[in-house]
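Engineer: The structure file run.cif (mmCIF, C-alpha atoms) is provided below.
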```
data_coords
#
loop_
_atom_site.label_atom_id
_atom_site.label_comp_id
_atom_site.auth_asym_id
_atom_site.auth_seq_id
_atom_site.Cartn_x
_atom_site.Cartn_y
_atom_site.Cartn_z
CA MET A 23 -2.19 4.90 -11.21
CA GLY A 24 1.05 5.40 -9.28
CA ALA A 25 3.12 8.18 -10.70
CA SER A 26 0.82 8.78 -13.62
CA VAL A 27 -1.33 11.79 -14.27
CA TYR A 28 -4.29 10.04 -15.85
CA VAL A 29 -7.82 10.97 -14.99
CA GLY A 30 -11.17 10.06 -16.35
CA VAL A 31 -12.31 7.21 -18.54
CA LEU A 32 -10.67 5.52 -21.50
CA SER A 33 -12.19 5.23 -24.96
CA ARG A 34 -14.09 2.01 -25.60
CA ASN A 35 -11.80 -0.99 -26.24
CA THR A 36 -8.69 0.94 -25.28
CA LEU A 37 -6.22 -0.86 -23.07
CA ARG A 38 -3.76 1.27 -21.12
CA VAL A 39 -0.69 -0.24 -19.49
CA VAL A 40 1.29 1.88 -17.06
CA GLY A 41 4.55 0.94 -15.37
CA TYR A 42 6.01 3.19 -12.72
CA TYR A 43 8.83 3.50 -10.25
CA ARG A 44 9.11 5.69 -7.14
CA TYR A 45 11.92 6.48 -4.73
CA ASN A 46 11.24 8.17 -1.42
CA TYR A 47 13.66 9.47 1.19
CA SER A 48 12.88 10.77 4.68
CA ASP A 49 15.25 12.02 7.35
CA THR A 50 13.37 14.65 9.36
CA TYR A 51 11.10 14.16 12.34
CA PHE A 52 8.13 16.43 12.84
CA GLN A 53 6.05 16.95 15.96
CA GLY A 54 2.95 18.81 14.86
CA SER A 55 4.15 21.25 12.23
CA GLN A 56 7.59 21.74 13.80
CA LYS A 57 10.85 19.93 13.15
CA THR A 58 12.23 17.99 16.08
CA ASP A 59 15.35 15.94 16.75
CA GLU A 60 14.68 15.27 20.42
CA ASN A 61 14.91 11.56 21.32
CA THR A 62 14.41 10.23 17.80
CA ALA A 63 14.92 6.62 16.81
CA LEU A 64 15.71 6.81 13.10
CA LYS A 65 18.47 8.39 11.07
CA TYR A 66 16.56 7.98 7.84
CA ALA A 67 14.00 5.91 6.02
CA SER A 68 13.61 5.22 2.31
CA TYR A 69 11.89 2.97 -0.17
CA ASN A 70 12.12 1.83 -3.78
CA PHE A 71 8.76 0.92 -5.20
CA SER A 72 7.57 -0.18 -8.60
CA GLY A 73 4.08 -0.88 -9.84
CA ILE A 74 2.08 -1.79 -12.87
CA GLY A 75 -1.45 -0.81 -13.76
CA PHE A 76 -3.92 -1.83 -16.43
CA GLY A 77 -6.96 0.11 -17.56
CA TYR A 78 -9.57 -0.97 -20.07
CA GLY A 79 -12.42 0.98 -21.60
CA ILE A 80 -15.43 -1.35 -21.40
CA THR A 81 -17.75 1.27 -22.84
CA LYS A 82 -17.21 4.91 -23.67
CA ARG A 83 -18.27 5.75 -20.12
CA LEU A 84 -16.98 2.82 -18.14
CA THR A 85 -13.35 1.98 -17.44
CA LEU A 86 -11.91 -0.78 -15.29
CA GLU A 87 -8.47 -0.51 -13.75
CA ALA A 88 -6.30 -3.03 -11.92
CA ASP A 89 -2.93 -2.41 -10.35
CA PHE A 90 -0.40 -3.86 -7.96
CA GLY A 91 3.07 -2.93 -6.83
CA TYR A 92 6.25 -4.28 -5.32
CA PHE A 93 8.60 -2.75 -2.75
CA PHE A 94 12.18 -3.63 -3.67
CA ASN A 95 13.02 -2.33 -0.22
CA LYS A 96 11.43 -0.40 2.60
CA THR A 97 14.33 0.56 4.80
CA GLN A 98 14.85 2.18 8.18
CA GLN A 99 18.27 3.09 9.54
CA PHE A 100 18.20 3.50 13.31
CA ASN A 101 20.27 5.97 15.31
CA ASP A 102 23.81 5.23 16.51
CA ILE A 103 22.78 3.95 19.97
CA ILE A 104 20.49 1.31 18.50
CA SER A 105 22.87 0.57 15.61
CA GLU A 106 25.72 -0.19 18.03
CA ALA A 107 23.53 -2.76 19.77
CA ASP A 108 22.95 -4.56 16.49
CA SER A 109 26.12 -6.36 15.51
CA VAL A 110 24.51 -8.10 12.53
CA ASN A 111 22.51 -5.47 10.61
CA HIS A 112 23.96 -2.34 12.28
CA GLY A 113 20.55 -0.85 12.97
CA MET A 114 19.16 -1.30 9.49
CA VAL A 115 15.72 -2.88 9.10
CA LYS A 116 14.43 -3.86 5.67
CA GLY A 117 11.11 -5.08 4.37
CA TYR A 118 10.30 -5.99 0.79
CA GLY A 119 7.59 -7.62 -1.27
CA LEU A 120 4.21 -7.09 -2.82
CA SER A 121 2.15 -4.17 -1.65
CA ASN A 122 -1.63 -4.25 -1.97
CA GLY A 123 -3.44 -4.82 -5.25
CA GLY A 124 -6.34 -2.70 -6.40
CA LEU A 125 -9.38 -2.85 -8.63
CA THR A 126 -11.19 0.33 -9.67
CA VAL A 127 -14.30 1.06 -11.68
CA LYS A 128 -14.56 4.53 -13.23
CA TYR A 129 -17.75 5.93 -14.64
CA GLY A 130 -17.80 9.02 -16.86
CA ALA A 131 -20.77 10.80 -15.36
CA TYR A 132 -20.42 13.87 -17.56
CA VAL A 133 -18.36 13.61 -20.73
CA LYS A 134 -18.47 16.45 -23.27
CA PRO A 135 -15.60 15.98 -25.76
CA ALA A 136 -16.56 19.14 -27.67
CA SER A 137 -15.99 21.35 -24.66
CA GLN A 138 -13.25 19.06 -23.28
CA LEU A 139 -15.07 18.74 -20.00
CA GLU A 140 -15.22 15.50 -18.07
CA ILE A 141 -16.45 14.55 -14.63
CA THR A 142 -15.74 10.98 -13.59
CA LEU A 143 -16.74 9.04 -10.51
CA GLY A 144 -14.84 6.00 -9.31
CA ALA A 145 -15.03 3.25 -6.74
CA GLY A 146 -12.50 0.60 -5.91
CA PHE A 147 -11.21 -1.85 -3.42
CA ARG A 148 -7.71 -2.80 -2.40
CA TYR A 149 -6.66 -6.24 -1.29
CA PRO A 150 -3.53 -7.57 0.41
CA PHE A 151 -1.55 -10.44 -1.11
CA SER A 152 -1.12 -11.71 2.42
CA THR A 153 -3.01 -10.96 5.62
CA ASN A 154 0.03 -11.94 7.71
CA PRO A 155 2.80 -9.45 8.48
CA GLN A 156 6.19 -10.13 6.93
CA MET A 157 8.71 -12.05 9.04
CA VAL A 158 12.45 -12.09 8.39
CA ASP A 159 14.63 -14.68 10.21
CA GLY A 160 11.73 -15.50 12.51
CA VAL A 161 11.24 -11.88 13.52
CA GLN A 162 8.21 -9.81 12.64
CA LEU A 163 9.16 -6.58 10.89
CA ASN A 164 7.79 -3.36 12.29
CA ARG A 165 4.74 -1.81 10.63
CA ASP A 166 6.66 0.98 8.95
CA VAL A 167 8.71 -1.42 6.82
CA GLN A 168 5.89 -3.86 6.07
CA PRO A 169 5.29 -3.79 2.29
CA SER A 170 1.54 -4.26 2.69
CA THR A 171 -1.18 -3.13 5.09
CA ASN A 172 -2.21 -6.82 5.29
CA ALA A 173 -5.81 -5.63 5.25
CA PHE A 174 -8.53 -4.77 2.77
CA GLY A 175 -9.54 -1.26 1.79
CA ALA A 176 -12.15 0.60 -0.21
CA SER A 177 -11.96 3.84 -2.18
CA GLY A 178 -14.24 6.49 -3.56
CA MET A 179 -12.96 8.83 -6.27
CA PHE A 180 -13.96 12.00 -8.07
CA PHE A 181 -12.12 13.27 -11.13
CA PHE A 182 -12.52 16.54 -12.95
CA ASN A 183 -10.91 17.46 -16.26
CA LYS A 184 -11.24 20.60 -18.35
CA GLY A 185 -9.18 21.33 -21.44
CA PHE A 186 -8.49 24.73 -23.00
CA PRO A 187 -7.18 23.71 -26.44
CA SER A 188 -6.71 27.24 -27.74
CA ILE A 189 -3.99 27.85 -25.15
CA THR A 190 -2.89 24.15 -24.96
CA LEU A 191 -3.71 24.09 -21.26
CA ARG A 192 -5.52 21.49 -19.24
CA LEU A 193 -6.81 21.70 -15.70
CA PHE A 194 -7.62 18.52 -13.84
CA SER A 195 -8.21 17.28 -10.36
CA ILE A 196 -8.01 13.91 -8.60
CA ASN A 197 -9.91 13.47 -5.35
CA ARG A 198 -9.86 10.22 -3.50
CA TYR A 199 -10.89 8.82 -0.15
CA ASP A 200 -9.31 5.54 0.99
CA TYR A 201 -10.90 3.63 3.82
CA ASN A 202 -8.76 0.92 5.40
CA PHE A 203 -10.44 -1.99 7.13
CA GLU A 204 -9.15 -3.59 10.31
CA GLY A 205 -6.55 -6.30 9.79
CA LYS A 206 -6.80 -9.68 11.44
CA ASP A 207 -4.37 -8.50 14.14
CA GLY A 208 -6.86 -5.83 15.20
CA TYR A 209 -4.85 -2.99 13.69
CA LYS A 210 -6.51 -0.50 11.38
CA TYR A 211 -4.48 1.90 9.29
CA GLY A 212 -5.85 5.44 9.07
CA ASN A 213 -8.10 6.61 6.27
CA ILE A 214 -6.66 8.93 3.65
CA LEU A 215 -8.25 11.87 1.88
CA LEU A 216 -6.26 12.97 -1.15
CA ASN A 217 -7.05 16.09 -3.15
CA SER A 218 -4.86 17.23 -5.98
CA VAL A 219 -5.09 19.91 -8.63
CA PHE A 220 -3.02 19.78 -11.80
CA VAL A 221 -2.30 22.37 -14.46
CA SER A 222 -0.87 20.94 -17.67
CA LYS A 223 0.60 23.09 -20.45
CA LYS A 224 2.20 22.08 -23.74
CA ILE A 225 5.76 23.41 -23.71
CA ILE A 226 7.00 22.32 -27.11
CA LYS A 227 5.96 19.56 -29.49
CA TYR A 228 5.47 16.28 -27.54
CA PHE A 229 6.47 17.88 -24.21
CA PHE A 230 4.03 18.84 -21.49
CA GLY A 231 4.83 20.55 -18.21
CA ILE A 232 2.52 19.77 -15.31
CA LEU A 233 2.35 21.39 -11.92
CA GLN A 234 0.53 19.50 -9.21
CA VAL A 235 -0.47 20.67 -5.74
CA ARG A 236 -1.58 17.83 -3.52
CA SER A 237 -3.09 17.62 -0.08
CA GLU A 238 -3.00 14.32 1.84
CA TRP A 239 -4.83 14.02 5.10
CA LYS A 240 -4.53 10.76 7.02
CA THR A 241 -6.42 9.96 10.20
CA ASN A 242 -4.78 8.16 13.14
CA ASP A 243 -4.28 4.42 12.95
CA TYR A 244 -6.41 2.52 15.44
CA ASP A 245 -5.46 -0.43 17.58
CA TYR A 246 -8.67 -2.37 18.27
CA GLU A 247 -6.92 -4.78 20.64
CA LYS A 248 -6.19 -1.86 22.96
CA ASP A 249 -9.19 0.11 21.77
CA GLU A 250 -7.13 3.26 21.32
CA LYS A 251 -5.72 5.55 18.66
CA VAL A 252 -2.07 5.12 17.72
CA VAL A 253 -0.52 8.41 18.81
CA ASN A 254 2.32 8.64 16.30
CA SER A 255 0.19 8.24 13.20
CA GLY A 256 -1.87 10.46 10.94
CA PHE A 257 -0.84 13.66 9.24
CA TRP A 258 -1.70 16.49 6.94
CA LEU A 259 0.78 16.95 4.14
CA TRP A 260 0.87 19.45 1.28
CA THR A 261 3.12 18.61 -1.64
CA LEU A 262 4.18 20.38 -4.82
CA SER A 263 4.97 18.08 -7.74
CA PRO A 264 6.57 19.55 -10.85
CA THR A 265 6.13 17.04 -13.65
CA LEU A 266 7.45 16.68 -17.18
CA SER A 267 5.61 14.50 -19.64
CA TYR A 268 6.89 13.40 -23.03
CA SER A 269 4.61 11.86 -25.60
CA ILE A 270 6.39 9.50 -27.98
CA THR A 271 4.58 9.33 -31.33
CA GLY A 272 1.31 9.80 -29.52
CA LYS A 273 1.37 6.24 -28.20
CA TRP A 274 3.97 6.00 -25.48
CA ASN A 275 4.03 8.46 -22.65
CA LEU A 276 7.00 9.04 -20.39
CA THR A 277 6.46 11.05 -17.21
CA ALA A 278 8.94 12.20 -14.59
CA LEU A 279 8.02 14.01 -11.40
CA CYS A 280 9.43 14.96 -8.06
CA ASP A 281 7.58 15.63 -4.80
CA ILE A 282 8.58 18.61 -2.70
CA PRO A 283 6.79 18.90 0.66
CA LEU A 284 5.27 22.36 1.21
CA TYR A 285 3.62 21.92 4.59
CA LYS A 286 3.71 19.10 7.14
CA SER A 287 1.62 18.61 10.24
CA TYR A 288 2.09 15.24 11.91
CA ASN A 289 0.33 13.74 14.94
CA GLY A 290 2.71 12.84 17.74
CA LYS A 291 6.30 12.54 16.55
CA GLN A 292 6.93 10.98 13.14
CA MET A 293 9.53 10.66 10.42
CA THR A 294 8.36 12.76 7.45
CA PRO A 295 9.17 12.66 3.72
CA LYS A 296 11.98 14.89 2.49
CA TYR A 297 11.77 14.24 -1.23
CA SER A 298 10.49 11.71 -3.68
CA PHE A 299 10.77 11.19 -7.39
CA ALA A 300 8.90 8.98 -9.78
CA LEU A 301 9.02 7.82 -13.38
CA SER A 302 6.19 6.30 -15.34
CA LEU A 303 5.86 4.85 -18.81
CA SER A 304 2.51 4.15 -20.37
CA ARG A 305 1.13 2.90 -23.65
CA ASP A 306 -2.39 2.86 -25.01
CA PHE A 307 -3.57 0.01 -27.24
CA ASN A 308 -6.69 0.37 -29.30
CA LEU A 309 -7.92 -3.23 -29.29
CA GLY A 310 -11.19 -2.40 -31.03
CA ARG A 311 -9.59 -0.94 -34.15
CA LYS A 312 -7.12 -3.81 -34.38
CA ALA A 313 -9.92 -6.36 -34.13
CA LYS A 314 -11.78 -4.65 -37.00
CA VAL A 315 -8.64 -4.65 -39.19
CA ASP A 316 -8.16 -8.37 -38.47
CA ILE A 317 -11.73 -9.10 -39.57
CA LEU A 318 -11.27 -7.11 -42.78
CA GLU A 319 -8.02 -8.91 -43.57
CA LYS A 320 -9.74 -12.28 -43.21
CA MET B 21 -9.16 -15.40 4.94
CA ASN B 22 -11.26 -18.26 3.57
CA VAL B 23 -14.52 -16.51 4.48
CA LYS B 24 -13.45 -13.37 2.63
CA ARG B 25 -12.40 -15.48 -0.35
CA TYR B 26 -15.85 -17.15 -0.53
CA ILE B 27 -17.64 -13.81 -0.15
CA PHE B 28 -15.80 -12.46 -3.16
CA ALA B 29 -16.40 -15.57 -5.24
CA TYR B 30 -20.13 -15.60 -4.37
CA SER B 31 -20.42 -11.88 -5.10
CA PHE B 32 -19.17 -12.38 -8.63
CA VAL B 33 -21.37 -15.43 -9.24
CA PHE B 34 -24.37 -13.53 -7.88
CA LEU B 35 -23.60 -10.52 -10.06
CA HIS B 36 -23.28 -12.78 -13.08
CA PHE B 37 -26.72 -14.37 -12.57
CA CYS B 38 -28.33 -11.02 -11.83
CA THR B 39 -27.08 -9.52 -15.04
CA LYS B 40 -28.07 -12.59 -17.07
CA SER B 41 -31.63 -12.48 -15.77
CA TYR B 42 -31.98 -8.74 -15.66
CA PRO B 43 -29.68 -7.08 -18.19
CA SER B 44 -30.62 -3.66 -16.87
CA PHE B 45 -29.28 -4.52 -13.41
CA LEU B 46 -26.07 -2.78 -14.36
CA PHE B 47 -27.62 -0.06 -16.45
CA PHE B 48 -24.32 1.16 -17.80
CA ILE B 49 -23.12 -2.19 -19.18
CA ASN B 50 -24.77 -3.77 -22.20
CA ARG B 51 -24.79 -7.54 -22.77
CA LYS B 52 -22.21 -7.26 -25.55
CA ASN B 53 -19.65 -5.94 -23.12
CA MET B 54 -20.40 -8.33 -20.30
CA LYS B 55 -18.04 -11.01 -21.64
CA LYS B 56 -15.11 -8.60 -21.62
CA LEU B 57 -16.06 -7.38 -18.19
CA PHE B 58 -16.16 -10.89 -16.72
CA ILE B 59 -12.91 -11.91 -18.38
CA PHE B 60 -11.27 -8.87 -16.82
CA LEU B 61 -12.84 -9.39 -13.40
CA GLY B 62 -12.26 -13.14 -13.56
CA LEU B 63 -8.55 -12.70 -14.16
CA SER B 64 -8.34 -10.17 -11.36
CA LEU B 65 -10.21 -12.55 -9.04
CA LEU B 66 -7.83 -15.39 -9.90
CA VAL B 67 -4.90 -13.19 -8.96
CA LEU B 68 -6.64 -12.38 -5.68
CA ILE B 69 -7.51 -15.96 -4.81
CA PHE B 70 -4.16 -17.49 -5.63
CA ALA B 71 -2.15 -14.66 -4.17
CA CYS B 72 -3.74 -14.84 -0.74
CA SER B 73 -1.60 -16.90 1.54
CA LYS B 74 -2.86 -19.83 3.53
CA SER B 75 -1.34 -20.57 6.87
CA SER B 76 -0.76 -24.20 7.74
CA THR B 77 0.62 -26.12 10.63
CA THR B 78 2.15 -29.54 10.61
CA PRO B 79 0.65 -31.75 13.29
CA SER B 80 2.91 -32.83 16.09
CA ASP B 81 4.04 -36.47 16.17
CA GLY B 82 3.61 -36.50 19.95
CA THR B 83 7.31 -36.85 20.77
CA SER B 84 7.88 -33.44 22.25
CA THR B 85 11.34 -32.54 23.45
CA LEU B 86 10.36 -28.90 23.86
CA LYS B 87 10.38 -27.13 27.21
CA PHE B 88 9.81 -23.37 27.07
CA GLU B 89 10.83 -22.28 30.56
CA ASN B 90 10.36 -18.53 30.48
CA LEU B 91 10.44 -15.33 28.48
CA VAL B 92 12.22 -12.46 30.21
CA ALA B 93 13.00 -8.84 29.39
CA ASN B 94 15.86 -6.91 30.96
CA ASP B 95 13.45 -4.00 31.43
CA THR B 96 9.70 -4.14 31.85
CA VAL B 97 9.54 -0.35 32.01
CA LEU B 98 11.51 1.38 29.30
CA LYS B 99 12.07 4.89 28.00
CA VAL B 100 10.73 5.60 24.50
CA ASN B 101 13.37 4.77 21.86
CA ALA B 102 15.57 2.96 24.40
CA ILE B 103 16.36 -0.70 23.81
CA THR B 104 15.88 -3.74 25.94
CA THR B 105 16.95 -7.35 25.54
CA VAL B 106 14.31 -10.08 25.56
CA THR B 107 15.40 -13.68 26.07
CA ALA B 108 13.47 -16.89 25.46
CA ASN B 109 14.81 -19.69 27.67
CA ALA B 110 13.83 -22.99 26.14
CA THR B 111 15.30 -26.43 25.73
CA GLY B 112 14.68 -29.03 23.07
CA GLU B 113 16.00 -30.33 19.79
CA GLY B 114 16.26 -28.13 16.68
CA LEU B 115 14.60 -25.09 18.21
CA SER B 116 13.42 -22.17 16.09
CA TYR B 117 12.10 -18.87 17.42
CA LYS B 118 9.34 -16.64 16.06
CA TRP B 119 9.01 -13.14 17.53
CA THR B 120 5.96 -10.92 17.19
CA ALA B 121 5.02 -7.67 18.91
CA SER B 122 1.97 -5.46 18.95
CA TYR B 123 4.27 -2.62 17.89
CA GLY B 124 7.96 -1.70 17.75
CA THR B 125 11.10 -3.01 16.15
CA PHE B 126 13.11 -6.15 16.82
CA ILE B 127 16.86 -6.16 16.37
CA GLY B 128 18.52 -9.51 15.91
CA SER B 129 16.95 -12.96 15.84
CA GLY B 130 17.13 -16.32 17.57
CA SER B 131 16.62 -16.93 21.30
CA LYS B 132 17.71 -13.43 22.33
CA VAL B 133 16.53 -10.26 20.58
CA GLN B 134 16.49 -6.57 21.28
CA TRP B 135 13.40 -4.45 21.01
CA THR B 136 12.61 -0.74 20.81
CA VAL B 137 9.53 1.39 20.20
CA CYS B 138 8.92 5.04 19.39
CA HIS B 139 5.98 5.92 21.64
CA SER B 140 4.76 5.39 25.16
CA ASP B 141 2.22 2.67 25.87
CA ARG B 142 2.01 -0.93 27.03
CA PHE B 143 3.20 -3.44 24.44
CA SER B 144 3.07 -7.19 24.18
CA ILE B 145 5.99 -9.26 22.92
CA THR B 146 5.34 -12.87 22.04
CA CYS B 147 7.82 -15.60 21.30
CA GLU B 148 6.79 -18.91 19.75
CA VAL B 149 9.34 -21.70 20.02
CA LYS B 150 9.17 -24.78 17.80
CA ASP B 151 11.23 -27.93 18.00
CA LYS B 152 12.25 -30.19 15.11
CA SER B 153 9.05 -32.24 15.52
CA ASN B 154 7.02 -29.06 14.99
CA ASN B 155 5.79 -28.96 18.58
CA SER B 156 5.36 -25.36 19.61
CA GLN B 157 4.88 -23.31 22.75
CA SER B 158 4.52 -19.57 23.08
CA LYS B 159 4.83 -17.05 25.86
CA THR B 160 4.01 -13.35 26.05
CA ILE B 161 5.43 -10.57 28.17
CA TYR B 162 4.41 -6.94 28.48
CA ILE B 163 6.68 -3.91 28.43
CA ARG B 164 5.58 -0.41 29.35
CA THR B 165 7.34 2.50 27.69
CA ILE B 166 7.43 6.02 29.11
CA GLU B 167 8.48 9.43 27.71
#
```
Could you quickly redo this structure as structure tokens?
Structural biologist:
Amino acid sequence: MGASVYVGVLSRNTLRVVGYYRYNYSDTYFQGSQKTDENTALKYASYNFSGIGFGYGITKRLTLEADFGYFFNKTQQFNDIISEADSVNHGMVKGYGLSNGGLTVKYGAYVKPASQLEITLGAGFRYPFSTNPQMVDGVQLNRDVQPSTNAFGASGMFFFNKGFPSITLRLFSINRYDYNFEGKDGYKYGNILLNSVFVSKKIIKYFFGILQVRSEWKTNDYDYEKDEKVVNSGFWLWTLSPTLSYSITGKWNLTALCDIPLYKSYNGKQMTPKYSFALSLSRDFNLGRKAKVDILEK
Amino acid sequence: MNVKRYIFAYSFVFLHFCTKSYPSFLFFINRKNMKKLFIFLGLSLLVLIFACSKSSTTPSDGTSTLKFENLVANDTVLKVNAITTVTANATGEGLSYKWTASYGTFIGSGSKVQWTVCHSDRFSITCEVKDKSNNSQSKTIYIRTIE
């Protein structure tokens, strides 16, 4: 879920609520794995995004999750030549609004609490809140500032978690494949394969340090109206994410992370992320235990 | 959008009946938990159904004042990341303009906009003009961009 570091299934009757916020800034073009500033359109691009996710443990092996998010802004600032031609917005284009929503089912295929080993499989689908692209003042915004893909998607997930309590260390991995379906305008966003490995270590009481290495591979977008690949789309990105997690009385969990790109290889010529940071706050509610207490009190 | 909406609704109804008749259909969910599952999925489905937008058009009253003469671009061949001006020449009462493109960025709004794109290809730009009576006409032009 967003900026969180949760893997695996929840205990039965546990409800988890996660709120998160992410800021991303980009100001460097890449052509392949090399920087370029030759004939580029943008000065920079950025976004402010916030999301909320809910997870519920239906059984000890089955967890359902739902999430959706909102872009406060998705902004592009064009270069000086284009900015001078725009007397109203001075070359700044902004989109905002709901991104896609998602529903995920996670199944704990192998759960051994004694050895702190867990293998979880997941499947989900993502849906747009609108299948029409966003228009501002009668003008369709470009795809890069649209808050939503305006199309459906499906995901397959594989999670691995292994704890080493004697050294307060945990190793876990999130692997996910997102397939995007064609939108009604004949445009299909590329599919994404995400693999990440995390090492989590207790630093002091309530504080955990987490180091994440993440690989994101995205295929080219496809324009079915022209029956051709979109040249300036698709990438392979490696990111390092140092993360600090603080557990408040074992119930609340506050997590802060930043993304530092390690390696970028982009198809065609594209604006690439420079840095990103995220905050998340989560809380687990044990609804089962509360229900039992209520019954006893009555 | 409606078709997709019905497919989802029918899928959930179908799943519900399957699990009622054959509790082992979803081997990992027992009957006790089904209620919670359906409450959760039902709420999620409601969000999905009500969030999806529905496009609508108001019928014309037949008193059209709209005349969309032409849609012209200053350049029909353009260098990548250069800008061109596209103008919709139309007459009528209370005109509004809606611009869409297969790709690229519009700058400005109204009857005259500027447009740019970051890669070479052939792109369509469409302008739909509506008058105050909701009569509409649209025209499309094509611009080729080169490196």
Engineer: Residues of chain A near chain B: apply a cut-off of 6 Å, count all atoms listed in the file, and supply the list as a list in words.
Structural biologist: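 The answer, sorted by residue number, is Ala63, Phe151, Ser152, Gly160, Val161, Gln162 and Asn164 of chain A.
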Engineer: Counting all atoms listed in the file, which residues have an atom no more than 12 Å from (5.7, 15.3, -16.9) in the file's coordinates? Please list them as a ChimeraX atom specification.
Structural biologist: /A:25-28,220-225,228-234,263-269,275-280,299-303
Engineer: Store the residues of this selection in a file with C-alpha atoms, as a tab-separated table (two decimals), in the frame of the given file.
Structural biologist:
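See out33.tsv below for the written result:
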```tsv
chain	number	residue	atom	x	y	z
A	25	ALA	CA	3.12	8.18	-10.70
A	26	SER	CA	0.82	8.78	-13.62
A	27	VAL	CA	-1.33	11.79	-14.27
A	28	TYR	CA	-4.29	10.04	-15.85
A	220	PHE	CA	-3.02	19.78	-11.80
A	221	VAL	CA	-2.30	22.37	-14.46
A	222	SER	CA	-0.87	20.94	-17.67
A	223	LYS	CA	0.60	23.09	-20.45
A	224	LYS	CA	2.20	22.08	-23.74
A	225	ILE	CA	5.76	23.41	-23.71
A	228	TYR	CA	5.47	16.28	-27.54
A	229	PHE	CA	6.47	17.88	-24.21
A	230	PHE	CA	4.03	18.84	-21.49
A	231	GLY	CA	4.83	20.55	-18.21
A	232	ILE	CA	2.52	19.77	-15.31
A	233	LEU	CA	2.35	21.39	-11.92
A	234	GLN	CA	0.53	19.50	-9.21
A	263	SER	CA	4.97	18.08	-7.74
A	264	PRO	CA	6.57	19.55	-10.85
A	265	THR	CA	6.13	17.04	-13.65
A	266	LEU	CA	7.45	16.68	-17.18
A	267	SER	CA	5.61	14.50	-19.64
A	268	TYR	CA	6.89	13.40	-23.03
A	269	SER	CA	4.61	11.86	-25.60
A	275	ASN	CA	4.03	8.46	-22.65
A	276	LEU	CA	7.00	9.04	-20.39
A	277	THR	CA	6.46	11.05	-17.21
A	278	ALA	CA	8.94	12.20	-14.59
A	279	LEU	CA	8.02	14.01	-11.40
A	280	CYS	CA	9.43	14.96	-8.06
A	299	PHE	CA	10.77	11.19	-7.39
A	300	ALA	CA	8.90	8.98	-9.78
A	301	LEU	CA	9.02	7.82	-13.38
A	302	SER	CA	6.19	6.30	-15.34
A	303	LEU	CA	5.86	4.85	-18.81
```
Engineer: Have a look at A:Asn289, A:Ser237, A:Ser105, A:Thr97 and name the one nearest to Val252 of chain A; count all atoms listed in the file.
Structural biologist: A:Asn289
Engineer: Could you check how far atom CA of Val31 of chain A sits from atom CA of Lys273 of chain A, in Å to one decimal?
Structural biologist: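 So the two atoms, atom CA of Val31 of chain A and atom CA of Lys273 of chain A, lie 16.8 Å apart.
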Engineer: So how far away is atom CA of Tyr47 of chain A from atom CA of Tyr288 of chain A, in Å?
Structural biologist: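 Interatomic distance here is 16.8 Å.
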Engineer: Identify which of the residues A:Ser177, A:Thr142, A:Thr36, A:Gln156 lies closest to Ser195 of chain A, counting all atoms listed in the file when measuring atom-to-atom distances.
Structural biologist: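 Comparing A:Ser177, A:Thr142, A:Thr36, A:Gln156 against Ser195 of chain A, the winner is A:Thr142.
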Engineer: Could you add the missing atoms to segment 122-131 of chain A, up to N, CA and C atoms, and return them as a PDB file, keeping the file's coordinate frame?
Structural biologist:
```pdb
ATOM      1  N   ASN A 122      -0.256  -3.810  -1.729  1.00  0.00           N
ATOM      2  CA  ASN A 122      -1.630  -4.250  -1.970  1.00  0.00           C
ATOM      3  C   ASN A 122      -1.960  -4.151  -3.463  1.00  0.00           C
ATOM      4  N   GLY A 123      -2.919  -4.940  -3.900  1.00  0.00           N
ATOM      5  CA  GLY A 123      -3.440  -4.820  -5.250  1.00  0.00           C
ATOM      6  C   GLY A 123      -4.730  -4.020  -5.216  1.00  0.00           C
ATOM      7  N   GLY A 124      -5.114  -3.503  -6.374  1.00  0.00           N
ATOM      8  CA  GLY A 124      -6.340  -2.700  -6.400  1.00  0.00           C
ATOM      9  C   GLY A 124      -7.159  -2.924  -7.647  1.00  0.00           C
ATOM     10  N   LEU A 125      -8.452  -2.804  -7.499  1.00  0.00           N
ATOM     11  CA  LEU A 125      -9.380  -2.850  -8.630  1.00  0.00           C
ATOM     12  C   LEU A 125     -10.269  -1.607  -8.553  1.00  0.00           C
ATOM     13  N   THR A 126     -10.415  -0.913  -9.667  1.00  0.00           N
ATOM     14  CA  THR A 126     -11.190   0.330  -9.670  1.00  0.00           C
ATOM     15  C   THR A 126     -12.147   0.346 -10.854  1.00  0.00           C
ATOM     16  N   VAL A 127     -13.332   0.828 -10.609  1.00  0.00           N
ATOM     17  CA  VAL A 127     -14.300   1.060 -11.680  1.00  0.00           C
ATOM     18  C   VAL A 127     -14.497   2.567 -11.785  1.00  0.00           C
ATOM     19  N   LYS A 128     -14.358   3.098 -13.014  1.00  0.00           N
ATOM     20  CA  LYS A 128     -14.560   4.530 -13.230  1.00  0.00           C
ATOM     21  C   LYS A 128     -15.749   4.726 -14.161  1.00  0.00           C
ATOM     22  N   TYR A 129     -16.584   5.659 -13.817  1.00  0.00           N
ATOM     23  CA  TYR A 129     -17.750   5.930 -14.640  1.00  0.00           C
ATOM     24  C   TYR A 129     -17.768   7.396 -15.053  1.00  0.00           C
ATOM     25  N   GLY A 130     -17.776   7.638 -16.347  1.00  0.00           N
ATOM     26  CA  GLY A 130     -17.800   9.020 -16.860  1.00  0.00           C
ATOM     27  C   GLY A 130     -19.205   9.583 -16.716  1.00  0.00           C
ATOM     28  N   ALA A 131     -19.433  10.302 -15.645  1.00  0.00           N
ATOM     29  CA  ALA A 131     -20.770  10.800 -15.360  1.00  0.00           C
ATOM     30  C   ALA A 131     -21.145  11.949 -16.292  1.00  0.00           C
TER      31      ALA A 131
END
```
